[in-house]
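Below is query-v5.txt, which holds compact mmCIF, C-alpha atoms and all ligand atoms.
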# COMPACT_ATOMS: atom_id res chain seq x y z
CA MET A 1 120.26 84.25 169.41
CA THR A 2 122.79 82.92 171.92
CA GLU A 3 125.96 81.06 171.03
CA ASN A 4 124.43 77.66 171.81
CA ASP A 5 120.80 78.18 170.95
CA PRO A 6 119.36 74.67 170.43
CA SER A 7 116.82 76.01 167.95
CA LEU A 8 119.68 77.06 165.69
CA ARG A 9 119.07 75.39 162.36
CA TYR A 10 122.26 75.98 160.53
CA ARG A 11 125.52 77.53 161.62
CA GLY A 12 128.56 76.87 159.49
CA ARG A 13 132.13 78.09 159.63
CA PHE A 14 135.41 78.49 157.80
CA ALA A 15 138.47 77.91 159.96
CA PRO A 16 141.77 78.67 158.22
CA SER A 17 145.18 78.19 159.83
CA PRO A 18 147.36 81.28 159.34
CA THR A 19 150.25 79.43 157.74
CA GLY A 20 150.40 81.66 154.67
CA ARG A 21 148.17 83.43 152.21
CA LEU A 22 144.84 81.90 151.22
CA HIS A 23 145.27 79.71 148.18
CA PHE A 24 142.75 78.52 145.67
CA GLY A 25 141.91 75.39 147.69
CA SER A 26 141.08 77.51 150.73
CA LEU A 27 138.95 79.83 148.62
CA VAL A 28 136.94 76.82 147.40
CA ALA A 29 136.43 75.74 151.04
CA ALA A 30 135.49 79.27 152.10
CA LEU A 31 133.07 79.84 149.21
CA GLY A 32 131.65 76.31 149.47
CA SER A 33 130.94 76.59 153.19
CA TRP A 34 129.47 80.08 152.69
CA LEU A 35 127.21 79.02 149.79
CA ILE A 36 125.90 75.95 151.59
CA ALA A 37 125.25 77.97 154.76
CA ARG A 38 123.38 80.64 152.81
CA HIS A 39 121.48 78.00 150.84
CA HIS A 40 120.09 76.81 154.19
CA ASP A 41 119.44 80.37 155.39
CA GLY A 42 122.20 79.76 157.88
CA GLU A 43 124.93 81.74 159.55
CA TRP A 44 128.56 81.57 158.51
CA LEU A 45 131.41 82.22 160.94
CA VAL A 46 135.15 82.60 160.54
CA ARG A 47 137.56 81.21 163.12
CA VAL A 48 141.31 81.77 163.02
CA GLU A 49 143.09 78.54 163.99
CA ASP A 50 146.28 80.08 165.33
CA LEU A 51 147.44 77.45 167.80
CA ASP A 52 150.63 76.32 166.12
CA PRO A 53 153.10 79.23 166.22
CA PRO A 54 155.99 77.26 164.67
CA ARG A 55 153.93 76.78 161.48
CA GLU A 56 152.44 80.28 161.40
CA VAL A 57 153.55 83.23 159.33
CA ALA A 58 153.49 86.67 160.96
CA GLY A 59 150.60 88.74 159.66
CA ALA A 60 149.03 85.83 157.77
CA ALA A 61 145.80 85.78 159.79
CA ARG A 62 145.08 89.46 159.13
CA GLN A 63 145.98 88.99 155.51
CA GLN A 64 143.65 85.98 155.18
CA LEU A 65 140.78 87.98 156.71
CA ALA A 66 141.50 90.85 154.32
CA THR A 67 141.50 88.43 151.40
CA LEU A 68 138.17 86.95 152.50
CA ALA A 69 136.74 90.46 152.81
CA SER A 70 137.88 91.34 149.31
CA PHE A 71 136.00 88.24 148.15
CA GLY A 72 132.89 89.43 150.01
CA LEU A 73 133.11 86.63 152.57
CA VAL A 74 132.66 88.17 156.01
CA SER A 75 131.88 86.41 159.29
CA ASP A 76 128.35 86.94 160.63
CA LEU A 77 129.72 87.14 164.19
CA PRO A 78 133.04 88.51 165.45
CA VAL A 79 135.98 86.39 164.31
CA VAL A 80 137.13 83.94 166.98
CA TRP A 81 140.88 83.49 167.51
CA GLN A 82 141.91 80.15 168.97
CA SER A 83 144.99 81.68 170.59
CA ALA A 84 142.64 83.49 172.98
CA ARG A 85 140.83 80.35 174.08
CA HIS A 86 143.41 78.27 175.98
CA ASP A 87 141.16 77.96 179.05
CA LEU A 88 138.48 76.16 177.05
CA TYR A 89 140.97 73.58 175.78
CA ALA A 90 142.48 73.16 179.25
CA ASP A 91 139.01 72.51 180.73
CA ALA A 92 138.21 69.91 178.10
CA LEU A 93 141.57 68.22 178.60
CA SER A 94 141.15 68.01 182.37
CA ARG A 95 137.71 66.48 181.94
CA LEU A 96 139.12 63.87 179.57
CA LEU A 97 141.95 63.08 181.99
CA HIS A 98 139.57 62.96 184.93
CA ASP A 99 137.16 60.63 183.11
CA GLY A 100 139.99 58.29 182.09
CA HIS A 101 139.65 59.03 178.35
CA ALA A 102 143.07 60.69 178.16
CA PHE A 103 146.53 59.88 179.52
CA PRO A 104 149.99 61.45 179.63
CA CYS A 105 152.34 59.85 177.15
CA PRO A 106 156.14 60.20 177.11
CA CYS A 107 156.64 58.50 173.73
CA SER A 108 158.44 60.56 171.11
CA ARG A 109 158.07 60.32 167.37
CA SER A 110 161.19 58.18 167.16
CA ASP A 111 159.79 55.74 169.74
CA LEU A 112 156.92 55.12 167.34
CA VAL A 113 158.88 54.59 164.14
CA ALA A 114 158.50 50.83 164.38
CA THR A 115 154.70 51.15 164.48
CA GLY A 116 154.50 53.70 161.67
CA GLY A 117 153.77 56.50 164.15
CA ILE A 118 150.70 54.72 165.52
CA HIS A 119 150.50 54.71 169.31
CA ARG A 120 148.80 51.76 171.02
CA GLN A 121 150.70 51.67 174.29
CA CYS A 122 153.51 53.64 175.87
CA ILE A 123 156.91 52.22 175.06
CA ALA A 124 159.16 55.11 176.10
CA PRO A 125 161.11 54.83 179.35
CA GLY A 126 158.58 57.04 181.10
CA PRO A 127 158.67 59.90 183.60
CA GLY A 128 161.34 62.49 183.27
CA ARG A 129 160.51 63.36 179.71
CA SER A 130 158.01 66.04 178.91
CA ALA A 131 154.82 64.26 178.09
CA ALA A 132 152.14 64.68 175.50
CA VAL A 133 148.52 63.91 176.39
CA ARG A 134 146.65 61.43 174.22
CA LEU A 135 143.07 60.26 173.84
CA ARG A 136 142.88 56.54 174.55
CA VAL A 137 141.47 54.75 171.49
CA PRO A 138 140.45 51.29 172.72
CA ASP A 139 141.23 48.20 170.65
CA GLY A 140 138.61 47.57 168.01
CA THR A 141 137.46 51.22 167.82
CA ARG A 142 135.70 51.77 164.54
CA VAL A 143 133.90 54.96 163.52
CA VAL A 144 131.40 54.97 160.66
CA PHE A 145 129.70 58.20 159.68
CA GLU A 146 127.72 59.56 156.77
CA ASP A 147 129.29 62.50 154.96
CA ALA A 148 126.71 64.58 153.12
CA LEU A 149 128.79 64.53 149.91
CA GLN A 150 131.39 61.78 150.19
CA GLY A 151 128.97 59.17 151.56
CA THR A 152 129.77 56.54 154.17
CA PHE A 153 133.20 56.84 155.72
CA ASP A 154 134.49 53.99 157.82
CA GLN A 155 137.72 54.04 159.81
CA ARG A 156 139.34 51.62 162.24
CA VAL A 157 140.77 54.41 164.35
CA ASP A 158 142.79 52.07 166.59
CA LEU A 159 144.68 50.57 163.63
CA GLU A 160 144.80 53.52 161.22
CA VAL A 161 145.43 56.37 163.69
CA GLY A 162 146.08 55.02 167.18
CA ASP A 163 145.82 57.05 170.38
CA VAL A 164 145.23 60.67 169.39
CA VAL A 165 147.51 63.49 170.55
CA LEU A 166 145.49 66.18 172.32
CA ARG A 167 148.30 68.28 173.73
CA ARG A 168 151.75 67.99 172.27
CA ALA A 169 154.87 67.41 174.35
CA ASP A 170 155.95 70.97 173.44
CA GLY A 171 152.81 72.19 175.20
CA PHE A 172 150.84 73.23 172.11
CA TRP A 173 147.22 72.16 171.74
CA ALA A 174 146.54 69.68 168.99
CA TYR A 175 144.20 70.74 166.19
CA GLN A 176 141.92 67.75 166.89
CA LEU A 177 141.10 68.89 170.41
CA ALA A 178 140.75 72.58 169.67
CA VAL A 179 138.51 72.10 166.63
CA VAL A 180 136.09 69.87 168.53
CA VAL A 181 135.92 72.18 171.54
CA ASP A 182 135.42 75.27 169.39
CA ASP A 183 132.86 73.82 167.01
CA ALA A 184 130.77 72.80 170.03
CA ASP A 185 131.31 76.04 171.93
CA GLN A 186 130.36 78.13 168.91
CA GLY A 187 127.23 76.07 168.26
CA ILE A 188 128.38 74.94 164.81
CA THR A 189 125.73 72.63 163.37
CA HIS A 190 127.29 71.91 159.97
CA ILE A 191 130.94 71.52 159.08
CA VAL A 192 131.79 72.04 155.42
CA ARG A 193 135.51 71.84 154.67
CA GLY A 194 138.13 70.32 152.39
CA SER A 195 138.33 66.59 151.87
CA ASP A 196 141.87 66.55 153.21
CA LEU A 197 140.19 66.56 156.64
CA LEU A 198 137.85 63.63 155.93
CA ASP A 199 140.12 61.15 157.66
CA SER A 200 140.44 63.41 160.74
CA THR A 201 136.69 63.34 161.27
CA PRO A 202 136.48 59.95 163.05
CA ARG A 203 139.00 61.27 165.63
CA GLN A 204 136.84 64.32 166.12
CA ILE A 205 133.72 62.17 166.50
CA LEU A 206 135.47 60.07 169.17
CA LEU A 207 136.38 63.24 171.03
CA GLN A 208 132.82 64.56 170.78
CA ARG A 209 131.61 61.29 172.28
CA ALA A 210 134.18 61.38 175.09
CA LEU A 211 133.21 64.97 175.92
CA GLY A 212 129.46 64.33 175.62
CA LEU A 213 129.05 66.81 172.75
CA THR A 214 126.53 66.80 169.93
CA MET A 215 127.94 65.66 166.62
CA PRO A 216 127.58 68.25 163.85
CA GLN A 217 126.80 67.19 160.29
CA TYR A 218 129.76 66.91 157.96
CA LEU A 219 130.23 67.67 154.29
CA HIS A 220 133.69 67.33 152.83
CA LEU A 221 134.03 69.34 149.65
CA PRO A 222 135.53 67.86 146.50
CA LEU A 223 139.14 67.00 146.68
CA ILE A 224 140.86 69.17 144.09
CA LEU A 225 143.39 67.42 141.90
CA ASP A 226 145.61 68.97 139.29
CA ALA A 227 145.80 67.65 135.76
CA ASP A 228 148.37 65.03 136.86
CA GLY A 229 146.16 63.80 139.67
CA ASN A 230 148.23 65.44 142.42
CA LYS A 231 146.51 66.91 145.44
CA LEU A 232 146.03 70.64 145.19
CA SER A 233 148.41 71.49 148.00
CA LYS A 234 151.28 69.90 146.09
CA SER A 235 150.54 71.56 142.80
CA MET A 236 150.47 74.93 141.13
CA ALA A 237 146.97 75.37 142.45
CA SER A 238 148.37 76.18 145.86
CA LEU A 239 149.34 79.59 144.48
CA PRO A 240 147.76 82.37 146.53
CA VAL A 241 144.64 84.08 145.27
CA ASP A 242 144.88 87.76 144.39
CA ASP A 243 142.93 90.17 146.63
CA ASP A 244 142.90 92.71 143.82
CA ALA A 245 141.26 90.38 141.31
CA PRO A 246 138.51 88.55 143.19
CA LEU A 247 136.16 87.99 140.26
CA PRO A 248 138.18 85.46 138.22
CA ALA A 249 139.05 83.47 141.34
CA LEU A 250 135.44 83.48 142.58
CA ARG A 251 134.24 82.30 139.16
CA ALA A 252 136.85 79.52 139.16
CA ALA A 253 135.93 78.48 142.70
CA TRP A 254 132.26 78.45 141.66
CA GLN A 255 133.10 76.10 138.81
CA ALA A 256 135.28 73.97 141.07
CA LEU A 257 132.13 73.47 143.13
CA GLY A 258 130.44 72.01 140.06
CA GLN A 259 128.22 75.05 139.37
CA PRO A 260 127.60 76.37 135.85
CA ALA A 261 129.81 79.27 134.73
CA ALA A 262 127.06 80.80 132.61
CA VAL A 263 124.92 82.01 135.51
CA LEU A 264 127.70 84.34 136.69
CA GLU A 265 128.49 85.78 133.28
CA GLY A 266 128.42 89.55 132.86
CA LEU A 267 128.53 90.35 136.58
CA SER A 268 131.13 92.97 137.29
CA ASN A 269 131.38 93.27 141.07
CA VAL A 270 131.77 90.93 144.01
CA ALA A 271 128.43 91.75 145.65
CA SER A 272 126.37 91.01 142.54
CA LEU A 273 128.38 87.89 141.80
CA LEU A 274 127.83 86.50 145.31
CA HIS A 275 124.18 87.44 145.16
CA ALA A 276 123.73 85.50 141.93
CA ALA A 277 125.83 82.62 143.26
CA HIS A 278 123.64 82.39 146.35
CA ARG A 279 120.51 82.36 144.19
CA GLU A 280 121.76 79.82 141.65
CA PHE A 281 123.73 77.44 143.89
CA ARG A 282 122.55 73.84 143.87
CA PRO A 283 124.22 71.46 146.36
CA ASP A 284 123.22 68.46 144.24
CA ARG A 285 125.70 69.64 141.58
CA LEU A 286 128.68 69.32 143.93
CA PRO A 287 131.06 66.70 142.52
CA LYS A 288 133.06 64.41 144.79
CA VAL A 289 136.30 65.08 142.94
CA ILE A 290 137.47 68.01 140.85
CA SER A 291 140.32 68.13 138.39
CA LEU A 292 141.94 71.40 137.58
CA THR A 293 143.85 72.66 134.62
CA PHE A 294 145.65 75.94 134.77
CA ALA A 295 145.87 78.72 132.29
CA ALA A 296 149.45 79.15 133.39
CA ALA A 297 149.94 82.64 131.99
CA HIS A 298 147.11 84.06 134.08
CA ASN A 299 147.30 82.05 137.28
CA ASN A 300 143.67 81.54 136.45
CA PRO A 301 142.36 78.13 137.33
CA VAL A 302 139.75 76.52 135.16
CA ALA A 303 137.98 73.71 136.88
CA GLY A 304 136.13 70.77 135.51
CA ALA A 305 134.21 68.19 137.50
CA VAL A 306 135.06 64.56 136.83
N1 LIG B 1 142.45 74.94 160.30
C1 LIG B 1 142.28 73.81 159.44
C2 LIG B 1 143.02 74.04 158.14
O1 LIG B 1 143.25 75.19 157.78
C3 LIG B 1 140.85 73.52 159.06
C4 LIG B 1 140.05 73.09 160.21
C5 LIG B 1 138.66 72.62 159.86
O2 LIG B 1 138.02 73.12 158.93
O3 LIG B 1 138.20 71.75 160.60
O4 LIG B 1 143.37 73.08 157.48

Same coordinates, now as C-alpha cells:
Amino acid sequence: MTENDPSLRYRGRFAPSPTGRLHFGSLVAALGSWLIARHHDGEWLVRVEDLDPPREVAGAARQQLATLASFGLVSDLPVVWQSARHDLYADALSRLLHDGHAFPCPCSRSDLVATGGIHRQCIAPGPGRSAAVRLRVPDGTRVVFEDALQGTFDQRVDLEVGDVVLRRADGFWAYQLAVVVDDADQGITHIVRGSDLLDSTPRQILLQRALGLTMPQYLHLPLILDADGNKLSKSMASLPVDDDAPLPALRAAWQALGQPAAVLEGLSNVASLLHAAHREFRPDRLPKVISLTFAAAHNNPVAGAV
C-alpha cells in the first residue's frame, strides 16, 4: 500500500506536540483515535508535531513515544517528524502565494489589538519589518462541516478568525499549514482528535480547498471537563500519565470515551486489555462531553459521561 493509495479505506493518526509529557487528555485522544481506527479495520499512525521549538521541551517527543509504547499504542508506519519536512511546507506555501491565496503581512500582534487579534487587512507601516505569511480569508467566508460526533459546526472564519497565519514572522511554520500538508501527504482519511481543535478545523478546510486537497472526515472527541466545569488542560487532569502504571490510566481513558468499565475487568496486561477494548468498543457510546472527578490520592481519574 503506498502513502496515498486512493483505495485506502481508513487511515487515522495521533499527532502530539512535544511540549511536555503526555497527560490524561492526550491519552484519551490517542486511545480514542486508535480504537476508532481499529474499529474500522484501519491503520493508525503517529506524527510528532515538533515545529515550535520555543514551546518544546527537550526529550519530550521521545518520552511521549515511550509512554505510548507502554500503553501498547504503536504507529503502524514509521513515526513522522514534522521538523524533517520543511520542504513540503515551503512548497505548499509557495503554491498558495503563487495562486494569490496567501500574502506577506507585516502586522504584529500589537497592531491587531484593536481588532481583537483578527486580521482583515494590513495596517502596519509595511516593508522593513520581518513579515508573516497569511492565508487570505475573503469577506463573508463561512465554513460549515459535519463532525462525526459533535454534529454540524458552522464558523464565519472572516469574523471569528480572520486571515490565517501560515508562516510566522519569526520564520516558524504555523500548525494550521503543517497539519493540513501532512494529513494530505500521509493519506490520512479520518482525523480523530480532541475537541479543543474543533474551531481550528474550518481554517484547515479552507487551506485544503486552496491547495486542492481532499477533505478528510473529522471526529472531535469529547471535551473533558473537570468537576468544576474547567477544561482539562487547566485542571488537575493535565497531570502526566504514568508509564509504569498503564492499566489504570487505560481503564480511565476507556471510561472517558463512554465505554463500560465492566468489559475490561480482570485483565492484567496491556495487550489483553487493548484486545478486549478493540472487541468491545462501540462508537455510538461516545459522549459529546465528559466530566471528570479525581481520586486525588491516586492521581487516578474516574470519568463519567454527562
Ligand atoms: N499537535 C496538536 C496538539 O498536540 C494536535 C494536532 C491535531 O491532532 O490536529 O494539540

Give me the chain A side of the contact with ligand LIG 1 (chain B), cut-off 10 Å, one line per residue showing its nearest atom pair and distance in Å at one decimal, counting all atoms listed in the file, sorted by chain and residue number, as a tab-separated table.
residue	atom	partner	partner_atom	distance
A:Arg13	CA	B:LIG1	O2	7.7
A:Phe14	CA	B:LIG1	O2	6.1
A:Ala15	CA	B:LIG1	O2	4.9
A:Pro16	CA	B:LIG1	O1	3.8
A:Ser17	CA	B:LIG1	O1	4.1
A:Pro18	CA	B:LIG1	O1	7.5
A:Thr19	CA	B:LIG1	O1	8.2
A:Leu22	CA	B:LIG1	O1	9.5
A:Ser26	CA	B:LIG1	O1	7.7
A:Ala29	CA	B:LIG1	O2	8.5
A:Ala30	CA	B:LIG1	O2	9.5
A:Ser33	CA	B:LIG1	O2	9.8
A:Arg47	CA	B:LIG1	N1	8.4
A:Val48	CA	B:LIG1	N1	7.4
A:Glu49	CA	B:LIG1	N1	5.2
A:Asp50	CA	B:LIG1	N1	8.1
A:Leu51	CA	B:LIG1	N1	9.4
A:Tyr175	CA	B:LIG1	N1	7.4
A:Gln176	CA	B:LIG1	O3	8.3
A:Ala178	CA	B:LIG1	O3	9.5
A:Val179	CA	B:LIG1	O3	6.0
A:Val180	CA	B:LIG1	O3	8.4
A:Asp182	CA	B:LIG1	O3	9.9
A:Asp183	CA	B:LIG1	O3	8.6
A:Ile191	CA	B:LIG1	O2	7.3
A:Val192	CA	B:LIG1	O2	7.2
A:Arg193	CA	B:LIG1	O2	5.1
A:Gly194	CA	B:LIG1	O2	7.1
A:Ser195	CA	B:LIG1	O2	9.6
A:Asp196	CA	B:LIG1	O4	7.9
A:Leu197	CA	B:LIG1	O3	6.8
A:Leu198	CA	B:LIG1	O3	9.4
A:Ser200	CA	B:LIG1	O3	8.6
A:Thr201	CA	B:LIG1	O3	8.6
A:Gln204	CA	B:LIG1	O3	9.4
A:His220	CA	B:LIG1	O2	9.5

Atoms kept (C-alpha atoms) for selection, written as a JSON list (two decimals), keeping the file's coordinate frame:
[["chain", "number", "residue", "atom", "x", "y", "z"],
["A", 13, "ARG", "CA", 132.13, 78.09, 159.63],
["A", 14, "PHE", "CA", 135.41, 78.49, 157.80],
["A", 15, "ALA", "CA", 138.47, 77.91, 159.96],
["A", 16, "PRO", "CA", 141.77, 78.67, 158.22],
["A", 17, "SER", "CA", 145.18, 78.19, 159.83],
["A", 18, "PRO", "CA", 147.36, 81.28, 159.34],
["A", 19, "THR", "CA", 150.25, 79.43, 157.74],
["A", 22, "LEU", "CA", 144.84, 81.90, 151.22],
["A", 26, "SER", "CA", 141.08, 77.51, 150.73],
["A", 29, "ALA", "CA", 136.43, 75.74, 151.04],
["A", 30, "ALA", "CA", 135.49, 79.27, 152.10],
["A", 33, "SER", "CA", 130.94, 76.59, 153.19],
["A", 47, "ARG", "CA", 137.56, 81.21, 163.12],
["A", 48, "VAL", "CA", 141.31, 81.77, 163.02],
["A", 49, "GLU", "CA", 143.09, 78.54, 163.99],
["A", 50, "ASP", "CA", 146.28, 80.08, 165.33],
["A", 51, "LEU", "CA", 147.44, 77.45, 167.80],
["A", 175, "TYR", "CA", 144.20, 70.74, 166.19],
["A", 176, "GLN", "CA", 141.92, 67.75, 166.89],
["A", 178, "ALA", "CA", 140.75, 72.58, 169.67],
["A", 179, "VAL", "CA", 138.51, 72.10, 166.63],
["A", 180, "VAL", "CA", 136.09, 69.87, 168.53],
["A", 182, "ASP", "CA", 135.42, 75.27, 169.39],
["A", 183, "ASP", "CA", 132.86, 73.82, 167.01],
["A", 191, "ILE", "CA", 130.94, 71.52, 159.08],
["A", 192, "VAL", "CA", 131.79, 72.04, 155.42],
["A", 193, "ARG", "CA", 135.51, 71.84, 154.67],
["A", 194, "GLY", "CA", 138.13, 70.32, 152.39],
["A", 195, "SER", "CA", 138.33, 66.59, 151.87],
["A", 196, "ASP", "CA", 141.87, 66.55, 153.21],
["A", 197, "LEU", "CA", 140.19, 66.56, 156.64],
["A", 198, "LEU", "CA", 137.85, 63.63, 155.93],
["A", 200, "SER", "CA", 140.44, 63.41, 160.74],
["A", 201, "THR", "CA", 136.69, 63.34, 161.27],
["A", 204, "GLN", "CA", 136.84, 64.32, 166.12],
["A", 220, "HIS", "CA", 133.69, 67.33, 152.83]]

As number ranges by chain, please: the residues near Gln63 in chain A (cut-off 10 Å, only C-alpha atoms, same-chain neighbours under 5 positions excluded).
A: 18, 20-22, 58, 68-69, 243

Determine the nearest neighbour of Gly171 in chain A from the options A:Pro104, A:Gly117, A:Pro240, A:Pro260, counting all atoms listed in the file.
A:Pro104

CA of Ala132 in chain A to CA of Asp99 in chain A, distance in Å rounded to a single decimal:
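Separation between CA of Ala132 in chain A and CA of Asp99 in chain A: 17.3 Å.
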
Nearest to Gly258 in chain A among A:Leu239, A:Val28, A:Cys122, A:Ala61, with distances taken over all atoms listed in the file: which residue is it?
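Using all atoms listed in the file, the shortest distance to Gly258 in chain A belongs to A:Val28.
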
List the spatial neighbours of Asp170 in chain A as a PyMOL selection string - criterion: any atom at most 9 Å away, all atoms listed in the file, same-chain residues fewer than 3 positions off excluded.
chain A and resi 130-132+167+173

Who sits within 8 Å of Leu211 in chain A, only C-alpha atoms, same chain under 5 positions skipped, as a PyMOL selection string:
chain A and resi 92+95-96
